[in-house]
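Heads up, my_file-v2.csv below (CSV, C-alpha atoms):
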chain,number,residue,atom,x,y,z
A,1,MET,CA,4.6,14.6,12.3
A,2,ARG,CA,2.5,15.7,15.2
A,3,SER,CA,2.4,19.2,13.9
A,4,VAL,CA,1.3,18.1,10.4
A,5,GLU,CA,-1.3,15.5,11.1
A,6,PRO,CA,-4.7,16.4,12.7
A,7,GLY,CA,-5.8,14.7,15.9
A,8,GLU,CA,-3.8,12.8,18.5
A,9,PRO,CA,-1.9,9.7,17.4
A,10,ALA,CA,-1.7,6.4,19.1
A,11,GLU,CA,1.9,5.3,19.8
A,12,SER,CA,3.4,1.8,19.4
A,13,ASP,CA,7.1,1.3,20.0
A,14,GLY,CA,7.8,5.0,19.2
A,15,ASP,CA,5.9,4.8,16.0
A,16,LEU,CA,2.8,7.0,15.4
A,17,ILE,CA,-0.6,5.8,14.2
A,18,TYR,CA,-3.3,8.2,13.0
A,19,SER,CA,-6.9,7.7,11.7
A,20,THR,CA,-7.3,9.7,8.5
A,21,THR,CA,-9.0,9.7,5.1
A,22,LEU,CA,-7.3,9.0,1.8
A,23,VAL,CA,-9.0,9.4,-1.6
A,24,GLY,CA,-12.3,9.5,0.2
A,25,TYR,CA,-11.9,6.3,2.2
A,26,PRO,CA,-11.1,5.9,5.9
A,27,ALA,CA,-7.5,4.9,6.4
A,28,LEU,CA,-4.9,4.3,9.1
A,29,LEU,CA,-1.6,6.1,8.7
A,30,PHE,CA,1.6,4.7,10.3
A,31,TYR,CA,4.8,6.6,10.7
A,32,LYS,CA,7.8,4.5,11.4
A,33,PHE,CA,11.0,6.0,12.9
A,34,ALA,CA,14.6,4.7,13.2
A,35,ASN,CA,17.1,6.6,15.2
A,36,ASP,CA,14.5,9.4,15.7
A,37,GLU,CA,14.2,9.9,12.0
A,38,LEU,CA,11.1,9.2,9.8
A,39,CYS,CA,12.0,6.3,7.5
A,40,GLU,CA,8.5,5.0,6.4
A,41,GLY,CA,4.9,6.1,6.1
A,42,THR,CA,2.2,3.6,5.5
A,43,TYR,CA,-1.4,4.1,4.7
A,44,VAL,CA,-3.8,1.1,5.1
A,45,ILE,CA,-7.3,1.1,3.6
A,46,ASP,CA,-9.5,-1.8,4.5
A,47,ASN,CA,-13.2,-1.3,3.7
A,48,SER,CA,-15.9,-3.9,4.4
A,49,ASP,CA,-16.7,-3.7,0.7
A,50,ASP,CA,-13.8,-5.2,-1.3
A,51,ALA,CA,-14.9,-3.3,-4.4
A,52,ALA,CA,-14.3,-0.1,-2.5
A,53,ASP,CA,-10.7,-1.2,-1.8
A,54,VAL,CA,-10.1,-1.8,-5.5
A,55,ASP,CA,-11.6,1.6,-6.3
A,56,ALA,CA,-9.3,3.2,-3.7
A,57,TYR,CA,-6.3,1.4,-5.3
A,58,PHE,CA,-7.1,2.8,-8.8
A,59,LYS,CA,-7.8,6.3,-7.4
A,60,LEU,CA,-4.5,6.2,-5.6
A,61,GLN,CA,-2.7,4.9,-8.7
A,62,GLU,CA,-4.2,7.8,-10.7
A,63,MET,CA,-3.3,10.4,-8.0
A,64,LEU,CA,0.3,9.1,-7.7
A,65,THR,CA,0.8,8.9,-11.4
A,66,GLY,CA,-0.3,12.6,-11.6
A,67,LYS,CA,2.3,13.4,-8.9
A,68,TYR,CA,5.2,11.1,-9.9
A,69,GLY,CA,4.5,10.2,-13.5
A,70,GLU,CA,4.0,6.7,-14.8
A,71,PRO,CA,5.0,4.0,-12.4
A,72,ALA,CA,8.4,2.4,-12.8
A,73,ASN,CA,6.5,-0.9,-12.5
A,74,LYS,CA,2.8,-1.7,-12.7
A,75,GLU,CA,1.6,-5.2,-12.5
A,76,ALA,CA,-1.5,-7.4,-12.0
A,77,ASN,CA,-0.2,-10.7,-10.7
A,78,TRP,CA,-2.5,-13.7,-11.0
A,79,ARG,CA,-1.8,-16.8,-8.9
A,80,ASP,CA,-2.4,-18.9,-12.0
A,81,PRO,CA,-1.9,-16.6,-15.0
A,82,TYR,CA,-3.2,-19.3,-17.3
A,83,ARG,CA,-6.6,-19.2,-15.6
A,84,ALA,CA,-6.8,-15.4,-15.2
A,85,PRO,CA,-10.3,-14.3,-16.1
A,86,ASP,CA,-11.2,-11.3,-18.2
A,87,VAL,CA,-12.0,-8.9,-15.3
A,88,LYS,CA,-14.3,-6.1,-16.3
A,89,THR,CA,-15.6,-4.6,-13.1
A,90,TYR,CA,-14.3,-3.6,-9.7
A,91,ALA,CA,-16.5,-6.3,-8.1
A,92,GLN,CA,-14.8,-9.0,-10.2
A,93,ALA,CA,-11.4,-7.6,-9.4
A,94,ALA,CA,-12.3,-7.4,-5.7
A,95,LYS,CA,-13.4,-11.0,-5.6
A,96,ALA,CA,-10.1,-12.1,-7.2
A,97,VAL,CA,-8.1,-10.0,-4.8
A,98,ALA,CA,-10.0,-11.0,-1.7
A,99,THR,CA,-9.5,-14.7,-2.6
A,100,GLY,CA,-5.8,-14.3,-3.3
A,101,GLU,CA,-6.1,-14.9,-7.0
A,102,LEU,CA,-4.9,-11.4,-7.9
A,103,THR,CA,-2.5,-8.9,-6.5
A,104,LEU,CA,-2.2,-5.4,-7.9
A,105,ARG,CA,1.1,-3.5,-7.5
A,106,SER,CA,2.6,-0.2,-8.7
A,107,VAL,CA,5.9,1.4,-7.7
A,108,TRP,CA,7.3,4.9,-8.2
A,109,PHE,CA,10.8,6.2,-7.4
A,110,THR,CA,11.9,9.8,-6.5
A,111,PRO,CA,15.5,10.8,-5.9
A,112,ASP,CA,15.1,9.9,-2.2
A,113,SER,CA,12.1,7.6,-1.8
A,114,ARG,CA,10.2,4.6,-3.1
A,115,VAL,CA,6.4,4.7,-3.3
A,116,LEU,CA,4.8,1.3,-3.3
A,117,LEU,CA,1.0,0.8,-3.8
A,118,VAL,CA,-0.5,-2.7,-3.3
A,119,CYS,CA,-4.0,-4.2,-3.3
A,120,ALA,CA,-3.8,-7.7,-2.0
A,121,GLU,CA,-5.6,-10.4,0.0
A,122,ASP,CA,-5.8,-9.9,3.7
A,123,ARG,CA,-5.1,-13.5,4.7
A,124,GLU,CA,-6.4,-13.0,8.2
A,125,ARG,CA,-9.8,-11.7,7.2
A,126,TYR,CA,-10.1,-13.1,3.6
A,127,ASN,CA,-10.8,-9.7,2.1
A,128,ALA,CA,-9.1,-7.1,0.0
A,129,ILE,CA,-6.8,-4.5,1.6
A,130,VAL,CA,-4.8,-1.6,0.2
A,131,PHE,CA,-1.3,-0.5,1.3
A,132,LEU,CA,0.5,2.6,0.3
A,133,PHE,CA,4.2,2.7,1.5
A,134,TYR,CA,6.5,5.7,1.3
A,135,GLU,CA,10.0,4.5,2.1
A,136,ASP,CA,13.2,6.6,2.5
A,137,LEU,CA,15.7,5.2,0.0
A,138,ARG,CA,18.7,6.5,2.0
A,139,ARG,CA,17.6,4.2,4.8
A,140,LEU,CA,17.0,1.3,2.4
A,141,GLN,CA,20.5,1.8,0.8
A,142,ALA,CA,22.0,2.0,4.3
A,143,GLY,CA,20.3,-1.3,5.2
A,144,THR,CA,18.4,0.2,8.0
A,145,ASP,CA,15.4,-1.7,9.3
A,146,VAL,CA,12.6,-0.8,6.9
A,147,ARG,CA,10.1,-2.8,4.9
A,148,HIS,CA,11.4,-4.3,1.7
A,149,GLU,CA,9.2,-5.2,-1.3
A,150,SER,CA,9.8,-8.9,-0.6
A,151,ASP,CA,8.0,-8.5,2.7
A,152,LEU,CA,4.8,-8.0,0.7
A,153,ASP,CA,4.9,-11.7,-0.1
A,154,LEU,CA,3.7,-12.2,3.5
A,155,LEU,CA,0.4,-10.4,2.7
So, in terms of C-alpha coordinates, how does the structure I just supplied come out?
Amino acid sequence: MRSVEPGEPAESDGDLIYSTTLVGYPALLFYKFANDELCEGTYVIDNSDDAADVDAYFKLQEMLTGKYGEPANKEANWRDPYRAPDVKTYAQAAKAVATGELTLRSVWFTPDSRVLLVCAEDRERYNAIVFLFYEDLRRLQAGTDVRHESDLDLL
(Lines of atoms letter the chains of each structure in order from A and count residues from 1; the text may use other names and numbers.)
(Lines give C-alpha, C1' and ligand atoms only; values in the text may rest on other atoms or scores of the structure.)
Protein backbone atom coordinates (compact mmCIF):
# COMPACT_ATOMS: atom_id res chain seq x y z
CA MET A 1 0.00 0.00 0.00
CA ARG A 2 2.91 2.30 0.69
CA SER A 3 3.83 2.24 -2.98
CA VAL A 4 0.28 3.10 -4.10
CA GLU A 5 -0.73 5.84 -1.65
CA PRO A 6 0.91 9.28 -1.63
CA GLY A 7 2.54 10.57 1.53
CA GLU A 8 3.69 8.84 4.66
CA PRO A 9 1.14 6.85 6.62
CA ALA A 10 0.63 6.79 10.34
CA GLU A 11 0.73 3.30 11.80
CA SER A 12 -1.46 1.75 14.46
CA ASP A 13 -1.03 -1.90 15.45
CA GLY A 14 0.40 -2.68 12.00
CA ASP A 15 -2.46 -0.97 10.17
CA LEU A 16 -1.83 2.06 7.94
CA ILE A 17 -3.64 5.40 8.08
CA TYR A 18 -3.46 8.03 5.33
CA SER A 19 -4.94 11.50 4.87
CA THR A 20 -6.46 11.72 1.41
CA THR A 21 -9.29 13.20 -0.64
CA LEU A 22 -12.35 11.30 -1.85
CA VAL A 23 -15.02 12.79 -4.16
CA GLY A 24 -13.59 16.21 -3.38
CA TYR A 25 -13.75 15.90 0.42
CA PRO A 26 -10.94 15.35 2.92
CA ALA A 27 -10.91 11.78 4.17
CA LEU A 28 -8.94 9.37 6.28
CA LEU A 29 -8.04 6.03 4.72
CA PHE A 30 -7.39 3.02 6.95
CA TYR A 31 -5.81 -0.21 5.68
CA LYS A 32 -6.29 -3.18 7.98
CA PHE A 33 -4.09 -6.25 7.72
CA ALA A 34 -4.43 -9.79 9.05
CA ASN A 35 -1.54 -12.24 8.75
CA ASP A 36 0.33 -9.63 6.66
CA GLU A 37 -2.49 -9.53 4.06
CA LEU A 38 -4.78 -6.61 3.33
CA CYS A 39 -8.28 -7.55 4.50
CA GLU A 40 -10.08 -4.19 4.75
CA GLY A 41 -9.87 -0.64 3.50
CA THR A 42 -11.97 2.07 5.12
CA TYR A 43 -12.49 5.67 4.13
CA VAL A 44 -13.94 8.08 6.68
CA ILE A 45 -15.34 11.47 5.67
CA ASP A 46 -16.31 13.76 8.54
CA ASN A 47 -16.89 17.38 7.55
CA SER A 48 -17.91 20.14 9.94
CA ASP A 49 -20.88 20.71 7.61
CA ASP A 50 -23.23 17.71 7.85
CA ALA A 51 -24.80 18.56 4.47
CA ALA A 52 -21.35 18.08 2.93
CA ASP A 53 -21.24 14.58 4.42
CA VAL A 54 -24.63 13.76 2.89
CA ASP A 55 -23.40 15.17 -0.43
CA ALA A 56 -20.28 13.00 -0.18
CA TYR A 57 -22.46 9.93 0.52
CA PHE A 58 -24.56 10.48 -2.62
CA LYS A 59 -21.50 11.28 -4.76
CA LEU A 60 -19.86 8.05 -3.56
CA GLN A 61 -23.07 6.11 -4.16
CA GLU A 62 -23.17 7.41 -7.74
CA MET A 63 -19.47 6.65 -8.30
CA LEU A 64 -19.77 3.13 -6.87
CA THR A 65 -22.94 2.43 -8.87
CA GLY A 66 -21.03 3.43 -12.01
CA LYS A 67 -18.25 1.03 -11.08
CA TYR A 68 -20.18 -1.94 -9.63
CA GLY A 69 -23.74 -1.48 -10.94
CA GLU A 70 -26.84 -1.02 -8.81
CA PRO A 71 -26.29 -1.81 -5.12
CA ALA A 72 -27.42 -5.22 -3.89
CA ASN A 73 -29.09 -3.32 -1.08
CA LYS A 74 -29.83 0.39 -0.75
CA GLU A 75 -31.75 1.68 2.24
CA ALA A 76 -32.70 4.77 4.18
CA ASN A 77 -33.49 3.59 7.70
CA TRP A 78 -35.53 5.90 9.88
CA ARG A 79 -35.46 5.41 13.65
CA ASP A 80 -39.24 5.81 13.63
CA PRO A 81 -40.46 5.08 10.09
CA TYR A 82 -43.96 6.28 10.94
CA ARG A 83 -42.63 9.77 11.67
CA ALA A 84 -40.17 9.96 8.75
CA PRO A 85 -40.45 13.42 7.20
CA ASP A 86 -40.44 14.15 3.49
CA VAL A 87 -36.76 15.09 3.10
CA LYS A 88 -36.15 17.34 0.10
CA THR A 89 -32.69 18.82 0.69
CA TYR A 90 -29.26 17.66 1.79
CA ALA A 91 -29.57 20.01 4.77
CA GLN A 92 -32.76 18.24 5.91
CA ALA A 93 -31.18 14.82 5.40
CA ALA A 94 -28.04 15.99 7.21
CA LYS A 95 -30.04 17.09 10.24
CA ALA A 96 -31.85 13.75 10.32
CA VAL A 97 -28.56 11.82 10.05
CA ALA A 98 -26.73 13.97 12.61
CA THR A 99 -29.49 13.47 15.17
CA GLY A 100 -29.65 9.72 14.61
CA GLU A 101 -33.09 9.78 13.01
CA LEU A 102 -31.80 8.53 9.63
CA THR A 103 -29.07 6.13 8.50
CA LEU A 104 -28.23 5.70 4.80
CA ARG A 105 -26.66 2.41 3.63
CA SER A 106 -25.74 0.86 0.31
CA VAL A 107 -23.88 -2.40 -0.31
CA TRP A 108 -22.30 -3.89 -3.42
CA PHE A 109 -20.66 -7.28 -3.94
CA THR A 110 -17.90 -8.36 -6.30
CA PRO A 111 -16.66 -11.93 -6.61
CA ASP A 112 -14.10 -11.33 -3.84
CA SER A 113 -15.25 -8.28 -1.89
CA ARG A 114 -18.08 -6.44 -0.22
CA VAL A 115 -18.32 -2.67 -0.55
CA LEU A 116 -20.39 -0.98 2.14
CA LEU A 117 -21.24 2.73 2.14
CA VAL A 118 -22.85 4.28 5.24
CA CYS A 119 -23.87 7.77 6.28
CA ALA A 120 -24.77 7.74 9.96
CA GLU A 121 -24.72 9.67 13.19
CA ASP A 122 -21.36 10.06 14.90
CA ARG A 123 -22.60 9.49 18.44
CA GLU A 124 -19.48 10.96 20.00
CA ARG A 125 -19.76 14.29 18.20
CA TYR A 126 -23.47 14.40 17.29
CA ASN A 127 -22.90 15.00 13.63
CA ALA A 128 -23.06 13.10 10.35
CA ILE A 129 -20.17 10.90 9.23
CA VAL A 130 -19.56 8.78 6.11
CA PHE A 131 -17.85 5.39 6.04
CA LEU A 132 -16.85 3.45 2.94
CA PHE A 133 -15.68 -0.10 3.70
CA TYR A 134 -14.00 -2.47 1.26
CA GLU A 135 -13.88 -5.95 2.77
CA ASP A 136 -12.21 -9.11 1.49
CA LEU A 137 -14.96 -11.76 1.30
CA ARG A 138 -12.45 -14.58 1.48
CA ARG A 139 -11.50 -13.35 4.94
CA LEU A 140 -15.15 -12.90 5.92
CA GLN A 141 -15.97 -16.44 4.80
CA ALA A 142 -12.95 -17.77 6.67
CA GLY A 143 -14.17 -15.99 9.81
CA THR A 144 -11.03 -13.86 10.03
CA ASP A 145 -11.21 -10.80 12.22
CA VAL A 146 -12.75 -8.11 9.99
CA ARG A 147 -15.70 -5.78 10.44
CA HIS A 148 -19.18 -7.20 9.90
CA GLU A 149 -22.22 -5.18 8.88
CA SER A 150 -23.74 -5.73 12.33
CA ASP A 151 -20.80 -3.75 13.75
CA LEU A 152 -22.35 -0.67 12.14
CA ASP A 153 -25.07 -0.76 14.77
CA LEU A 154 -22.40 0.62 17.08
CA LEU A 155 -22.22 3.84 15.07
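Nearest residue to Tyr25 (chain A) among A:Asp80, A:Asp53, A:Glu121, A:Asp112 is A:Asp53, counting all atoms listed in the file.
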- Query: Which distance in Å separates CA of Val107 (chain A) and CA of Asp13 (chain A), to one decimal?
  - Reply: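 The value is 27.7 Å.
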Rank nothing, just name the residue among A:Ala27, A:Leu117, A:Ile129, A:Leu137 nearest to Cys39 (chain A), using all atoms listed in the file.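 Closest candidate: A:Leu137.
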Q) Could you pull the residues within 9 Å of Tyr57 (chain A), counting only C-alpha atoms, minus those fewer than 5 positions along the same chain, as a PyMOL selection string? A) chain A and resi 45+52+62+104+117-119+130-132
- Item | Polymer residues at most 9 Å from Ala91 (chain A), all atoms listed in the file, same-chain spacing of 6 or more positions, as a ChimeraX atom specification | /A:50-52,54
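Residue nearest Tyr82 (chain A) within the list A:Lys67, A:Pro111, A:Gly24, A:Glu101: A:Glu101 [criterion: smallest interatomic distance, all atoms listed in the file].
Take CA of Ala98 (chain A) and CA of Glu75 (chain A): the distance between them is 16.9 Å.
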Query raised in the report: How many Å lie between CA of Ala96 (chain A) and CA of Asn73 (chain A), rounded to one decimal?
Result: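 Distance reported for this atom pair: 20.7 Å.
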